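Next up, structure.cif (mmCIF, C-alpha atoms and all ligand atoms):
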```cif
data_entry
loop_
_atom_site.label_atom_id
_atom_site.label_comp_id
_atom_site.auth_asym_id
_atom_site.auth_seq_id
_atom_site.Cartn_x
_atom_site.Cartn_y
_atom_site.Cartn_z
CA MET A 152 223.25 76.70 -78.26
CA ILE A 153 220.97 76.16 -75.33
CA ALA A 154 221.31 77.91 -71.99
CA MET A 155 220.12 75.93 -69.00
CA ALA A 156 219.86 76.93 -65.36
CA ALA A 157 221.56 74.52 -62.99
CA ASN A 158 218.72 74.21 -60.52
CA THR A 159 216.26 72.91 -63.12
CA LYS A 160 216.46 69.14 -63.65
CA PRO A 161 214.49 68.30 -66.80
CA THR A 162 216.44 65.08 -67.39
CA PHE A 163 215.65 63.85 -63.89
CA SER A 164 211.94 64.60 -64.36
CA LEU A 165 211.92 62.89 -67.75
CA LEU A 166 213.69 59.83 -66.35
CA LEU A 167 211.16 59.68 -63.53
CA LEU A 168 208.28 60.00 -66.00
CA ALA A 169 209.80 57.27 -68.20
CA ARG A 170 210.08 54.90 -65.21
CA LEU A 171 206.54 55.70 -64.07
CA SER A 172 205.10 55.01 -67.55
CA ALA A 173 207.16 51.81 -67.83
CA THR A 174 205.88 50.62 -64.42
CA LEU A 175 202.30 51.43 -65.40
CA VAL A 176 202.69 49.51 -68.69
CA ALA A 177 204.15 46.49 -66.85
CA ILE A 178 201.35 46.51 -64.23
CA LEU A 179 198.59 46.80 -66.87
CA LEU A 180 200.11 44.05 -69.01
CA LEU A 181 200.60 41.68 -66.06
CA SER A 182 197.04 42.30 -64.86
CA TRP A 183 195.72 41.52 -68.34
CA ALA A 184 197.83 38.40 -68.75
CA LEU A 185 197.26 37.03 -65.23
CA TYR A 186 193.61 37.92 -64.53
CA PHE A 187 192.10 37.46 -68.00
CA THR A 188 193.74 34.19 -69.00
CA THR A 189 190.60 33.00 -70.84
CA SER A 190 191.34 35.63 -73.52
CA PHE A 191 194.64 33.89 -74.22
CA LEU A 192 193.19 30.37 -74.35
CA PRO A 193 194.16 28.75 -77.66
CA HIS A 194 191.58 26.66 -79.56
CA THR A 195 193.60 23.55 -78.65
CA LEU A 196 192.89 24.34 -74.96
CA SER A 197 196.29 22.93 -74.05
CA GLN A 198 198.19 24.36 -71.06
CA ARG A 199 201.39 24.52 -73.10
CA ASP A 200 199.77 26.60 -75.89
CA LEU A 201 198.23 28.91 -73.27
CA ILE A 202 201.70 29.60 -71.85
CA TYR A 203 203.08 30.41 -75.32
CA SER A 204 200.10 32.67 -76.03
CA VAL A 205 200.61 34.65 -72.80
CA LEU A 206 204.40 34.70 -73.15
CA HIS A 207 204.32 36.53 -76.52
CA PRO A 208 202.99 39.92 -75.28
CA LEU A 209 204.97 39.61 -72.02
CA LEU A 210 208.29 39.04 -73.79
CA MET A 211 207.58 41.63 -76.47
CA VAL A 212 206.48 44.43 -74.17
CA ILE A 213 208.43 43.82 -70.93
CA GLY A 214 211.45 42.01 -72.39
CA PHE A 215 211.80 43.89 -75.67
CA ILE A 216 210.22 47.37 -75.39
CA LEU A 217 210.76 48.17 -71.69
CA ILE A 218 214.33 46.83 -71.55
CA SER A 219 215.41 48.43 -74.84
CA GLY A 220 213.88 51.71 -73.60
CA GLU A 221 215.97 51.41 -70.45
CA ALA A 222 219.05 50.71 -72.60
CA ILE A 223 218.40 53.91 -74.59
CA LEU A 224 218.32 55.85 -71.30
CA VAL A 225 221.60 54.39 -69.93
CA PRO A 226 223.80 57.36 -70.99
CA ARG A 227 221.36 59.68 -69.16
CA TRP A 228 221.64 58.17 -65.69
CA LEU A 229 224.50 55.69 -65.36
CA PRO A 230 227.57 57.24 -63.74
CA GLY A 231 231.09 56.20 -64.70
CA SER A 232 233.20 55.88 -67.81
CA ARG A 233 231.92 55.85 -71.39
CA LYS A 234 233.16 52.29 -71.74
CA ARG A 235 231.02 51.21 -68.78
CA LYS A 236 227.95 52.98 -70.20
CA LYS A 237 228.45 51.37 -73.59
CA MET A 238 228.87 47.95 -72.02
CA VAL A 239 225.62 48.24 -70.01
CA HIS A 240 223.83 49.68 -73.08
CA LEU A 241 225.00 46.73 -75.19
CA TRP A 242 224.08 44.14 -72.55
CA LEU A 243 220.58 45.52 -72.03
CA GLN A 244 219.99 45.67 -75.79
CA GLY A 245 221.25 42.07 -75.99
CA VAL A 246 218.67 41.00 -73.38
CA ALA A 247 215.95 42.90 -75.31
CA LEU A 248 216.96 41.21 -78.58
CA THR A 249 216.93 37.75 -76.96
CA SER A 250 213.44 38.42 -75.56
CA ALA A 251 212.22 39.59 -78.97
CA ILE A 252 213.55 36.49 -80.74
CA PHE A 253 212.11 34.19 -78.07
CA GLY A 254 208.81 36.15 -78.18
CA ILE A 255 208.45 35.56 -81.93
CA TRP A 256 209.47 31.93 -81.48
CA THR A 257 206.52 31.40 -79.07
CA LYS A 258 204.16 32.28 -81.94
CA PHE A 259 205.62 29.54 -84.11
CA GLN A 260 204.62 26.91 -81.59
CA GLY A 261 201.55 24.79 -82.21
CA ARG A 262 200.73 26.10 -85.70
CA GLU A 263 201.22 24.97 -89.28
CA GLY A 264 204.69 26.19 -90.19
CA VAL A 265 206.45 29.53 -90.37
CA ILE A 266 205.12 31.02 -93.62
CA ALA A 267 201.48 30.19 -92.76
CA ASN A 268 201.71 32.52 -89.74
CA PHE A 269 202.75 35.71 -91.50
CA PHE A 270 199.40 36.99 -92.71
CA SER A 271 198.95 40.23 -90.72
CA LEU A 272 200.42 43.74 -90.81
CA HIS A 273 201.37 43.14 -87.17
CA SER A 274 203.51 40.11 -88.00
CA TRP A 275 205.23 41.86 -90.93
CA MET A 276 206.03 44.95 -88.88
CA GLY A 277 207.23 42.72 -86.04
CA LEU A 278 209.60 40.93 -88.34
CA LEU A 279 210.89 44.21 -89.81
CA CYS A 280 211.56 45.83 -86.43
CA VAL A 281 213.23 42.77 -84.87
CA SER A 282 215.44 42.36 -87.99
CA LEU A 283 216.46 46.04 -87.86
CA PHE A 284 217.07 45.76 -84.12
CA GLY A 285 219.22 42.63 -84.63
CA ALA A 286 221.30 44.30 -87.38
CA GLN A 287 221.76 47.41 -85.24
CA TRP A 288 222.84 45.36 -82.22
CA LEU A 289 225.35 43.38 -84.29
CA MET A 290 226.91 46.62 -85.60
CA GLY A 291 227.12 47.97 -82.03
CA PHE A 292 228.66 44.73 -80.79
CA LEU A 293 231.32 44.69 -83.53
CA SER A 294 232.20 48.35 -83.07
CA PHE A 295 232.50 47.84 -79.28
CA TRP A 296 235.18 45.17 -79.74
CA HIS A 297 237.05 47.09 -82.45
CA ARG A 298 237.01 50.50 -80.82
CA GLY A 299 240.56 51.59 -81.69
CA GLU A 300 240.49 50.66 -85.36
CA VAL A 301 237.13 52.08 -86.34
CA ARG A 302 237.00 55.24 -84.27
CA MET A 303 236.45 57.61 -87.22
CA THR A 304 233.89 55.31 -88.80
CA ARG A 305 232.03 55.13 -85.48
CA ILE A 306 231.94 58.91 -85.14
CA ARG A 307 230.65 59.21 -88.71
CA PHE A 308 227.95 56.60 -88.15
CA LEU A 309 226.82 57.76 -84.69
CA PRO A 310 223.96 59.94 -86.01
CA TRP A 311 222.76 56.96 -88.08
CA HIS A 312 223.04 54.67 -85.05
CA VAL A 313 220.92 57.14 -83.04
CA PHE A 314 218.35 57.57 -85.82
CA LEU A 315 218.03 53.84 -86.48
CA GLY A 316 217.88 53.03 -82.76
CA LEU A 317 215.06 55.51 -82.08
CA TYR A 318 213.24 54.55 -85.29
CA THR A 319 213.36 50.85 -84.37
CA TYR A 320 212.19 51.61 -80.84
CA GLY A 321 209.23 53.62 -82.21
CA LEU A 322 208.49 50.82 -84.68
CA ALA A 323 208.46 48.27 -81.82
CA VAL A 324 205.91 50.37 -79.92
CA VAL A 325 203.73 50.77 -83.04
CA THR A 326 203.97 47.00 -83.64
CA ALA A 327 202.86 46.30 -80.07
CA GLU A 328 199.92 48.70 -80.58
CA THR A 329 198.85 46.77 -83.71
CA GLY A 330 199.22 43.52 -81.71
CA LEU A 331 196.96 44.87 -78.95
CA LEU A 332 194.43 46.13 -81.49
CA GLU A 333 194.46 42.85 -83.41
CA LYS A 334 193.98 40.78 -80.26
CA LEU A 335 191.24 42.99 -78.80
CA THR A 336 189.35 43.25 -82.10
CA PHE A 337 189.53 39.48 -82.45
CA LEU A 338 188.19 38.94 -78.91
CA GLN A 339 185.42 41.53 -79.35
CA THR A 340 184.37 40.18 -82.75
CA LYS A 341 184.10 36.69 -81.29
CA GLY A 342 182.06 38.07 -78.39
CA VAL A 343 184.61 36.84 -75.82
CA VAL A 344 185.16 40.41 -74.60
CA LEU A 345 182.61 43.26 -74.50
CA LYS A 346 183.40 46.71 -75.90
CA HIS A 347 182.70 48.31 -72.52
CA CYS A 348 184.32 46.16 -69.87
CA THR A 349 187.31 46.14 -67.55
CA GLU A 350 189.45 44.09 -69.92
CA SER A 351 188.91 46.44 -72.89
CA LEU A 352 189.69 49.38 -70.59
CA ILE A 353 192.94 47.74 -69.42
CA VAL A 354 194.08 47.02 -72.99
CA ASN A 355 193.25 50.56 -74.16
CA CYS A 356 195.12 52.06 -71.17
CA LEU A 357 198.04 49.75 -71.95
CA GLY A 358 198.14 51.17 -75.49
CA LEU A 359 198.06 54.73 -74.14
CA GLY A 360 200.78 53.89 -71.61
CA LEU A 361 203.02 52.55 -74.39
CA ALA A 362 202.44 55.68 -76.51
CA THR A 363 203.35 57.89 -73.52
CA LEU A 364 206.43 55.82 -72.70
CA CYS A 365 207.65 56.01 -76.29
CA GLY A 366 207.35 59.82 -76.35
CA VAL A 367 209.11 60.26 -72.99
CA VAL A 368 211.98 57.86 -73.84
CA ILE A 369 212.64 59.57 -77.20
CA LEU A 370 212.40 63.06 -75.66
CA THR A 371 214.85 62.07 -72.91
CA ALA A 372 217.25 60.62 -75.46
CA VAL A 373 217.29 63.69 -77.70
CA SER A 374 217.25 66.35 -74.99
CA PRO A 375 220.62 67.97 -74.21
CA LYS A 376 222.63 66.62 -71.28
CA GLN A 377 223.27 68.70 -68.20
CA TYR A 378 226.80 69.22 -67.01
CA GLN A 379 226.30 71.92 -64.41
CA SER A 380 227.53 71.97 -60.88
CA SER A 381 224.85 72.91 -58.34
CA HIS A 382 224.71 76.73 -58.52
CA THR A 383 226.07 77.76 -61.87
CA THR A 384 224.52 78.36 -65.22
CA LYS A 385 226.30 76.84 -68.17
CA VAL A 386 225.86 77.05 -71.86
CA VAL A 387 226.07 73.77 -73.64
CA ASN A 388 226.19 73.03 -77.29
CA SER A 389 223.09 70.98 -77.91
CA ASN A 390 224.51 69.33 -81.02
CA SER A 391 227.74 68.05 -79.59
CA LYS A 392 226.57 66.99 -76.12
CA CYS A 393 223.34 65.38 -77.18
CA LEU A 394 223.12 61.62 -77.40
CA THR A 395 226.79 60.86 -76.91
CA PHE A 396 228.10 58.34 -74.39
C1 LIG A 401 207.30 44.79 -80.18
C2 LIG A 401 206.23 44.08 -79.98
C3 LIG A 401 205.81 42.92 -80.84
C4 LIG A 401 206.43 42.34 -81.92
C5 LIG A 401 207.77 42.70 -82.54
C6 LIG A 401 205.58 41.25 -82.36
C7 LIG A 401 205.87 40.40 -83.41
C8 LIG A 401 205.02 39.41 -83.89
C9 LIG A 401 205.29 38.55 -85.00
C10 LIG A 401 206.56 38.59 -85.86
C11 LIG A 401 204.22 37.74 -85.16
C12 LIG A 401 204.05 36.68 -86.25
C13 LIG A 401 204.41 35.33 -85.75
C14 LIG A 401 203.46 34.33 -86.30
O1 LIG A 401 202.41 34.69 -86.82
O2 LIG A 401 203.79 33.15 -86.16
C15 LIG A 401 203.26 38.07 -84.14
C16 LIG A 401 202.04 37.46 -83.98
C17 LIG A 401 201.09 37.84 -83.07
N1 LIG A 401 201.22 38.82 -82.09
FE1 LIG A 401 202.81 39.98 -81.81
N2 LIG A 401 204.47 41.22 -81.55
C18 LIG A 401 204.56 42.22 -80.62
C19 LIG A 401 203.67 42.51 -79.62
C20 LIG A 401 202.41 41.93 -79.48
C21 LIG A 401 201.45 42.29 -78.48
C22 LIG A 401 201.63 43.36 -77.39
C23 LIG A 401 200.37 41.53 -78.67
C24 LIG A 401 199.12 41.59 -77.84
C25 LIG A 401 198.52 40.55 -77.39
C26 LIG A 401 200.63 40.66 -79.81
C27 LIG A 401 199.76 39.73 -80.33
C28 LIG A 401 200.02 38.89 -81.40
C29 LIG A 401 199.08 37.95 -81.96
C30 LIG A 401 197.63 37.75 -81.50
C31 LIG A 401 199.74 37.29 -83.00
C32 LIG A 401 199.17 36.18 -83.91
C33 LIG A 401 198.44 36.77 -85.07
C34 LIG A 401 199.37 37.42 -86.09
O3 LIG A 401 200.30 36.77 -86.59
O4 LIG A 401 199.16 38.61 -86.36
N3 LIG A 401 201.90 40.93 -80.27
N4 LIG A 401 203.77 39.08 -83.37
#
```

Here is the file; what I need is its structure written in the form of C-alpha cells.
Amino acid sequence: MIAMAANTKPTFSLLLLARLSATLVAILLLSWALYFTTSFLPHTLSQRDLIYSVLHPLLMVIGFILISGEAILVPRWLPGSRKRKKMVHLWLQGVALTSAIFGIWTKFQGREGVIANFFSLHSWMGLLCVSLFGAQWLMGFLSFWHRGEVRMTRIRFLPWHVFLGLYTYGLAVVTAETGLLEKLTFLQTKGVVLKHCTESLIVNCLGLGLATLCGVVILTAVSPKQYQSSHTTKVVNSNSKCLTF
C-alpha cells in the first residue's frame, strides 16, 4: 500500500519529463539526419539510396520508439473510458509497428538479398524486438475484438502483457543504441567523422536522450496511478491500480 498526498503530482512531472526527453531525441535525430547527410551517403551515391539510409533511423526512433512510448503512456493521461484508452493505445502501437516494418524494409533496398544483410548484433536484435512487438500487438488486437469471451484470460495475461510490452520497448531502445554505435564507429573508422566533432557529440547525446526517455517511460508506466481529488489524501493499492486501463 502506498500513501500519496493529493497536492503532489509525480505522474504529471514524469509525463512532462517523458515528453521533454522525446522532443530532445527527435530534435537531435532530425539535426543529425538533415545537417549531416554526407554521413548517410551510400556507396552507390544514388539519391534514392540516400533517402532509404536516412529513413531507417527516422522511422525506427521517431516512428517506432517515440510513438510506442507514447502508446505506453496513454492510460496515464488520456481521459475517458477504458475502451477509448485501449483503442488509442492499440492504434498508436499499430502506427509504431507499421513504422518498424517499413524501417526494416528500407534496409533491404539496394543490397544483395535479405539473408546477406543480417550479419550484425544490431540487425538480429532488431529482428527479435520487432517480431516480439508484432506478436504482442496481434494478441492485443485479438483480445480487443473478443473482449466479452476472453475476459478471464485477459486478466490472467495482463501482467505478461505489461512485462512483454516494457521488455520489448527496452529492447527497441537498446537496439537503437547499437545502431547508433555501429553507424558512428563505422564513420569514425573510415575517417568520415572525427572523434571530437559536433556530429559525434550529437549522436552521443542522442544515445543519452534515448536512455533517459526509456527510464522515464518505464517509471511512469509502473508508478501507481493517482485518484485523489484536490485536497484529500488517499491510500491506493499499488498492485491493483498500477498499469491497468
Ligand atoms: C528500434 C530501433 C531499430 C531497429 C529495430 C533496427 C533494426 C534493424 C535491422 C533489422 C537491420 C537489418 C536489416 C538489414 O541489414 O538489411 C538494421 C540495419 C541497420 N541499422 Fe537499424 N534498427 C534500429 C535503429 C537504428 C538506428 C537508430 C540506427 C542509426 C543510424 C541504425 C542503423 C542501422 C545500420 C547502419 C544498419 C545496416 C548495418 C546492419 O545491418 O547492422 N538502426 N537495423

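Using only C-alpha atoms, the residues found no farther than 10 Å from Gly220 of chain A, other than those of its own chain fewer than 3 positions away, are A:Ala169, A:Arg170, A:Ala173, A:Ile213, A:Phe215, A:Ile216, A:Leu217, A:Ile223, A:Leu224, A:Val225, A:Leu243, A:Gln244, A:Ala247, A:Leu317, A:Tyr320, A:Gly321, A:Leu364, A:Cys365, A:Val367, A:Val368, A:Ile369, A:Ala372.
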
Straight-line distance linking atom CA of Phe295 of chain A with atom CA of Ser250 of chain A, stated in Å to one decimal
21.6 Å

Test item: residues lying within 8 Å of ligand LIG 401 (chain A) with all atoms listed in the file, as JSON, numbers by chain:
{"A": [204, 205, 207, 208, 209, 211, 212, 215, 216, 251, 254, 255, 256, 257, 258, 259, 260, 262, 265, 266, 267, 268, 269, 270, 271, 272, 273, 274, 275, 276, 277, 278, 280, 281, 322, 323, 324, 325, 326, 327, 328, 329, 330, 331, 332, 333, 334, 335]}

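Nearest residue to Leu167 of chain A among A:Trp228, A:Leu309, A:Cys348, A:Leu181 is A:Trp228, counting only C-alpha atoms.
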
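Relative to atom CA of Lys341 of chain A, atom CA of Ile178 of chain A is found at 26.2 Å.
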
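Using only C-alpha atoms, the protein and nucleic acid residues lying at most 12 Å from the point (218.0, 42.8, -87.1) are Gln244, Gly245, Ala247, Leu248, Thr249, Ala251, Ile252, Gly277, Leu278, Leu279, Cys280, Val281, Ser282, Leu283, Phe284, Gly285, Ala286, Gln287, Trp288, Leu289, Met290, Gly291, Leu315, Gly316 and Thr319 of chain A.
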
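As for atom CA of Lys234 of chain A and atom CA of Ile306 of chain A, they are spaced 15.0 Å apart.
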
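Comparing A:Asp200, A:Ser182, A:Arg227, A:Thr304 by their smallest distance to Lys376 of chain A, the closest is A:Arg227 (using only C-alpha atoms).
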
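Distance annotation: of A:Pro230, A:Pro375, A:Gly360, A:Gly342, the residue with the minimal separation from Leu171 of chain A is A:Gly360; atom set is only C-alpha atoms.
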